[in-house]
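Reviewing the structure listed below.
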Amino acid sequence: MRLLEQIIKQNLTSVAEFIFPRCCHLCESKLTDDENYICSTCLSRLPRTHYHRNPMNPMEQRFAGKFPFESATGHFFYAKDSDLSILMQDLKYRHYRGLAKRLGLLAGKELYLTSFLADIDCIIPIPIHFIKKAKRGYNQTEEIASGIKEATSIPIKRNLIASRPHKTQTSLTHQQRQTNTQGIFGVKEPQELSGLHILLLDDVCTTGATLTSAAETLLSSNPDIRLSLLTIGVTF
């Protein structure tokens, strides 16, 4: 019976893929069996920053003097209407939840080969308010974190919470973004984080207002932690 169910499932999958073939989100070419959401060619063409290799890189300069941190990087360059922007729109607003995990898995595998993640104890993804999460069905940054965890085995902690909703940052000025993110986070059971080196994770860094607010909240709840910062995308 179980074998029959597997055969039926495989046949239904084959028919579905024949009618609705799995295609790359960027070039629309048909994906191979070992590709998901993005073909290998398009993945290789996403512009890496390699910031993790350079002390005081532009990502670190963005946060220098705002709060103490160990290191910071954005894995890919992000710009409006770029390939990465298309992928971010798909995973945030078009319900391609698995795409977020795919990008996290890719970044995790590439960073795992370097010293950037060497002594990270846990990943804390930037949370979204429960109302927003209920509407979307998931938090894309948590999905990215799950991909990094799969690649590196670094555990995820969810002690950082979104204590109030805030507007989307897309159309806001730098000053408006700072105001928009003030006081939006809280920390539950901060003693659990004592002495840990935390990788604070977000999807995209533009002005850095969200990461700054989250980092300041974590550090004020427990000064006995170390922070490093990672985003999938970072603006030029």
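Naming works like this for the structure tokens: A, B, ... for the chains as they're shown, residue 1 at the start of each chain, ligands 1 onward in shown order.
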**OP:** List the neighbours of A:Arg94 out to 12 Å using only C-alpha atoms; skip same-chain residues closer than 3 positions along the sequence, and give me the result as a list in words.
**Re:**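 Selected residues are His25, Ile86, Leu87, Met88, Gln89, Asp90, Leu91, Arg97, Gly98, Leu99, Ala100, Arg136, Gly137, Tyr138 and Gln140 of chain A.
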Could the residues in this selection be written to a file with N, CA and C atoms, as a PDB file, in the first residue's frame?
```pdb
ATOM      1  N   HIS A  25      13.477  31.740 -10.799  1.00  0.00           N
ATOM      2  CA  HIS A  25      12.778  32.992 -10.542  1.00  0.00           C
ATOM      3  C   HIS A  25      13.406  34.176 -11.268  1.00  0.00           C
ATOM      4  N   ILE A  86      14.397  41.270  -6.794  1.00  0.00           N
ATOM      5  CA  ILE A  86      13.316  40.415  -7.305  1.00  0.00           C
ATOM      6  C   ILE A  86      13.098  39.234  -6.372  1.00  0.00           C
ATOM      7  N   LEU A  87      14.188  38.616  -5.945  1.00  0.00           N
ATOM      8  CA  LEU A  87      14.085  37.467  -5.041  1.00  0.00           C
ATOM      9  C   LEU A  87      13.487  37.879  -3.697  1.00  0.00           C
ATOM     10  N   MET A  88      13.883  39.040  -3.183  1.00  0.00           N
ATOM     11  CA  MET A  88      13.350  39.508  -1.913  1.00  0.00           C
ATOM     12  C   MET A  88      11.853  39.806  -2.014  1.00  0.00           C
ATOM     13  N   GLN A  89      11.431  40.368  -3.134  1.00  0.00           N
ATOM     14  CA  GLN A  89      10.001  40.604  -3.339  1.00  0.00           C
ATOM     15  C   GLN A  89       9.244  39.276  -3.357  1.00  0.00           C
ATOM     16  N   ASP A  90       9.820  38.280  -4.011  1.00  0.00           N
ATOM     17  CA  ASP A  90       9.169  36.968  -4.095  1.00  0.00           C
ATOM     18  C   ASP A  90       9.041  36.315  -2.724  1.00  0.00           C
ATOM     19  N   LEU A  91      10.098  36.367  -1.931  1.00  0.00           N
ATOM     20  CA  LEU A  91      10.053  35.648  -0.648  1.00  0.00           C
ATOM     21  C   LEU A  91       9.264  36.405   0.418  1.00  0.00           C
ATOM     22  N   ARG A  97       8.089  31.023   0.546  1.00  0.00           N
ATOM     23  CA  ARG A  97       8.755  30.837   1.839  1.00  0.00           C
ATOM     24  C   ARG A  97      10.072  30.077   1.701  1.00  0.00           C
ATOM     25  N   GLY A  98      10.077  29.030   0.887  1.00  0.00           N
ATOM     26  CA  GLY A  98      11.279  28.208   0.732  1.00  0.00           C
ATOM     27  C   GLY A  98      12.440  28.945   0.095  1.00  0.00           C
ATOM     28  N   LEU A  99      12.145  30.010  -0.640  1.00  0.00           N
ATOM     29  CA  LEU A  99      13.203  30.801  -1.265  1.00  0.00           C
ATOM     30  C   LEU A  99      14.071  31.480  -0.212  1.00  0.00           C
ATOM     31  N   ALA A 100      13.446  31.919   0.883  1.00  0.00           N
ATOM     32  CA  ALA A 100      14.206  32.540   1.973  1.00  0.00           C
ATOM     33  C   ALA A 100      15.191  31.534   2.571  1.00  0.00           C
ATOM     34  N   ARG A 136       1.269  37.220   6.779  1.00  0.00           N
ATOM     35  CA  ARG A 136       2.199  36.654   5.795  1.00  0.00           C
ATOM     36  C   ARG A 136       2.277  35.146   5.902  1.00  0.00           C
ATOM     37  N   GLY A 137       2.117  34.638   7.114  1.00  0.00           N
ATOM     38  CA  GLY A 137       2.202  33.201   7.335  1.00  0.00           C
ATOM     39  C   GLY A 137       3.554  32.751   7.836  1.00  0.00           C
ATOM     40  N   TYR A 138       4.540  33.625   7.822  1.00  0.00           N
ATOM     41  CA  TYR A 138       5.889  33.293   8.262  1.00  0.00           C
ATOM     42  C   TYR A 138       6.705  34.576   8.369  1.00  0.00           C
ATOM     43  N   GLN A 140      10.197  35.936   7.132  1.00  0.00           N
ATOM     44  CA  GLN A 140      11.216  35.562   6.144  1.00  0.00           C
ATOM     45  C   GLN A 140      12.610  35.476   6.757  1.00  0.00           C
TER      46      GLN A 140
END
```
Each residue of stretch 64-93 of chain A lying at most 9 Å from stretch 111-134 of chain A should get a row with its shortest atom-to-atom pair and the distance in Å to one decimal, counting only C-alpha atoms; could you produce that, ordered by chain and increasing number, as JSON lines?
```
{"residue": "A:Ser71", "atom": "CA", "partner": "A:Phe116", "partner_atom": "CA", "distance": 7.8}
{"residue": "A:Ala72", "atom": "CA", "partner": "A:Phe116", "partner_atom": "CA", "distance": 8.7}
{"residue": "A:Thr73", "atom": "CA", "partner": "A:Phe116", "partner_atom": "CA", "distance": 8.9}
{"residue": "A:His75", "atom": "CA", "partner": "A:Leu111", "partner_atom": "CA", "distance": 8.7}
```
Original post:
Which parts of stretch 72-135 of chain A does DSSP call strand (DSSP E or B) when run on the backbone here, written out as an MDAnalysis selection string?
Top reply: chainID A and resid 72:78 122:125
Residue subset to file, keeping C-alpha atoms, as a PDB file, in the first residue's frame:
```
ATOM      1  CA  ALA A  72      29.375  42.706  10.276  1.00  0.00           C
ATOM      2  CA  THR A  73      28.666  41.750   6.689  1.00  0.00           C
ATOM      3  CA  GLY A  74      25.973  41.757   4.048  1.00  0.00           C
ATOM      4  CA  HIS A  75      26.404  38.762   1.774  1.00  0.00           C
ATOM      5  CA  PHE A  76      25.101  40.189  -1.532  1.00  0.00           C
ATOM      6  CA  PHE A  77      24.895  43.696  -2.931  1.00  0.00           C
ATOM      7  CA  TYR A  78      21.312  44.917  -2.997  1.00  0.00           C
ATOM      8  CA  CYS A 122      23.560  31.262  18.151  1.00  0.00           C
ATOM      9  CA  ILE A 123      21.550  33.092  15.508  1.00  0.00           C
ATOM     10  CA  ILE A 124      18.856  35.605  16.474  1.00  0.00           C
ATOM     11  CA  PRO A 125      16.693  36.604  13.499  1.00  0.00           C
TER      12      PRO A 125
END
```
Near-stretch 32-41 of chain A list (9 Å; only C-alpha atoms; drop same-chain fewer than 5 positions) as a CSV table (one decimal) with N, CA and C atoms, in the first residue's frame:
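And here's out17.csv as it stands now:
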```csv
chain,number,residue,atom,x,y,z
A,22,ARG,N,9.0,23.7,-12.9
A,22,ARG,CA,9.7,24.5,-12.0
A,22,ARG,C,10.7,25.3,-12.7
A,23,CYS,N,10.6,26.6,-12.6
A,23,CYS,CA,11.5,27.5,-13.4
A,23,CYS,C,12.3,28.5,-12.4
A,24,CYS,N,13.4,28.9,-12.9
A,24,CYS,CA,14.2,29.9,-12.1
A,24,CYS,C,13.5,31.2,-12.0
A,25,HIS,N,13.5,31.7,-10.8
A,25,HIS,CA,12.8,33.0,-10.5
A,25,HIS,C,13.4,34.2,-11.3
A,26,LEU,N,14.6,34.0,-11.8
A,26,LEU,CA,15.3,35.1,-12.4
A,26,LEU,C,15.3,35.0,-13.9
A,27,CYS,N,15.8,33.9,-14.4
A,27,CYS,CA,15.9,33.7,-15.9
A,27,CYS,C,14.8,32.9,-16.5
A,96,TYR,N,6.8,32.9,-1.4
A,96,TYR,CA,7.8,31.9,-1.7
A,96,TYR,C,8.7,31.7,-0.4
A,98,GLY,N,10.1,29.0,0.9
A,98,GLY,CA,11.3,28.2,0.7
A,98,GLY,C,12.4,28.9,0.1
A,99,LEU,N,12.1,30.0,-0.6
A,99,LEU,CA,13.2,30.8,-1.3
A,99,LEU,C,14.1,31.5,-0.2
A,102,ARG,N,16.4,29.0,1.1
A,102,ARG,CA,17.4,28.7,0.0
A,102,ARG,C,18.5,29.7,0.1
```
Subject >> For A:Gly108: contacts at 9 Å, only C-alpha atoms, fewer than 6 positions along chain excluded, given as a PyMOL selection string >> reply: chain A and resi 117+145+147-152
Quick one: write out the picked residues with N, CA, C and O atoms as a PDB file, in the first residue's frame?
```
ATOM      1  N   LEU A 117      31.969  32.951  10.904  1.00  0.00           N
ATOM      2  CA  LEU A 117      31.054  32.269  11.820  1.00  0.00           C
ATOM      3  C   LEU A 117      31.777  31.417  12.860  1.00  0.00           C
ATOM      4  O   LEU A 117      31.140  30.654  13.586  1.00  0.00           O
ATOM      5  N   ALA A 145      17.276  32.184   8.581  1.00  0.00           N
ATOM      6  CA  ALA A 145      18.038  31.610   9.702  1.00  0.00           C
ATOM      7  C   ALA A 145      18.013  30.088   9.664  1.00  0.00           C
ATOM      8  O   ALA A 145      19.027  29.435   9.953  1.00  0.00           O
ATOM      9  N   GLY A 147      17.883  28.223   7.058  1.00  0.00           N
ATOM     10  CA  GLY A 147      18.817  27.801   6.024  1.00  0.00           C
ATOM     11  C   GLY A 147      20.256  27.867   6.503  1.00  0.00           C
ATOM     12  O   GLY A 147      21.060  26.958   6.227  1.00  0.00           O
ATOM     13  N   ILE A 148      20.601  28.930   7.230  1.00  0.00           N
ATOM     14  CA  ILE A 148      21.956  29.047   7.782  1.00  0.00           C
ATOM     15  C   ILE A 148      22.211  27.937   8.792  1.00  0.00           C
ATOM     16  O   ILE A 148      23.289  27.331   8.818  1.00  0.00           O
ATOM     17  N   LYS A 149      21.199  27.652   9.616  1.00  0.00           N
ATOM     18  CA  LYS A 149      21.339  26.573  10.596  1.00  0.00           C
ATOM     19  C   LYS A 149      21.588  25.237   9.908  1.00  0.00           C
ATOM     20  O   LYS A 149      22.414  24.436  10.353  1.00  0.00           O
ATOM     21  N   GLU A 150      20.860  24.986   8.815  1.00  0.00           N
ATOM     22  CA  GLU A 150      21.051  23.726   8.091  1.00  0.00           C
ATOM     23  C   GLU A 150      22.468  23.600   7.546  1.00  0.00           C
ATOM     24  O   GLU A 150      23.043  22.518   7.519  1.00  0.00           O
ATOM     25  N   ALA A 151      23.044  24.729   7.136  1.00  0.00           N
ATOM     26  CA  ALA A 151      24.395  24.709   6.567  1.00  0.00           C
ATOM     27  C   ALA A 151      25.484  24.649   7.625  1.00  0.00           C
ATOM     28  O   ALA A 151      26.568  24.124   7.368  1.00  0.00           O
ATOM     29  N   THR A 152      25.204  25.166   8.817  1.00  0.00           N
ATOM     30  CA  THR A 152      26.271  25.354   9.815  1.00  0.00           C
ATOM     31  C   THR A 152      26.032  24.661  11.151  1.00  0.00           C
ATOM     32  O   THR A 152      26.963  24.563  11.956  1.00  0.00           O
TER      33      THR A 152
END
```
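Of the listed residues (A:Ser153, A:Lys92, A:Leu84, A:Phe67), A:Phe67 comes nearest to A:Glu216; the distances count only C-alpha atoms.
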Original post:
Which value, in Å to one decimal, gives the distance between atom CA of A:Leu106 and atom CA of A:Ile161?
Top reply: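 Calculated distance between atom CA of A:Leu106 and atom CA of A:Ile161 is 25.9 Å.
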**OP:** Could you tell me how far atom CA of A:Leu193 lies from atom CA of A:Asn57, in Å and to one decimal?
**Re:**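 Taking atom CA of A:Leu193 as the start and atom CA of A:Asn57 as the end point, the length is 27.1 Å.
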Subject >> Among the residues A:Leu229, A:Ala214, A:Ala162, A:Val187, the one that comes closest to A:His52 [using only C-alpha atoms] >> reply: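 Checking each candidate against A:His52, we get A:Leu229 as the closest.
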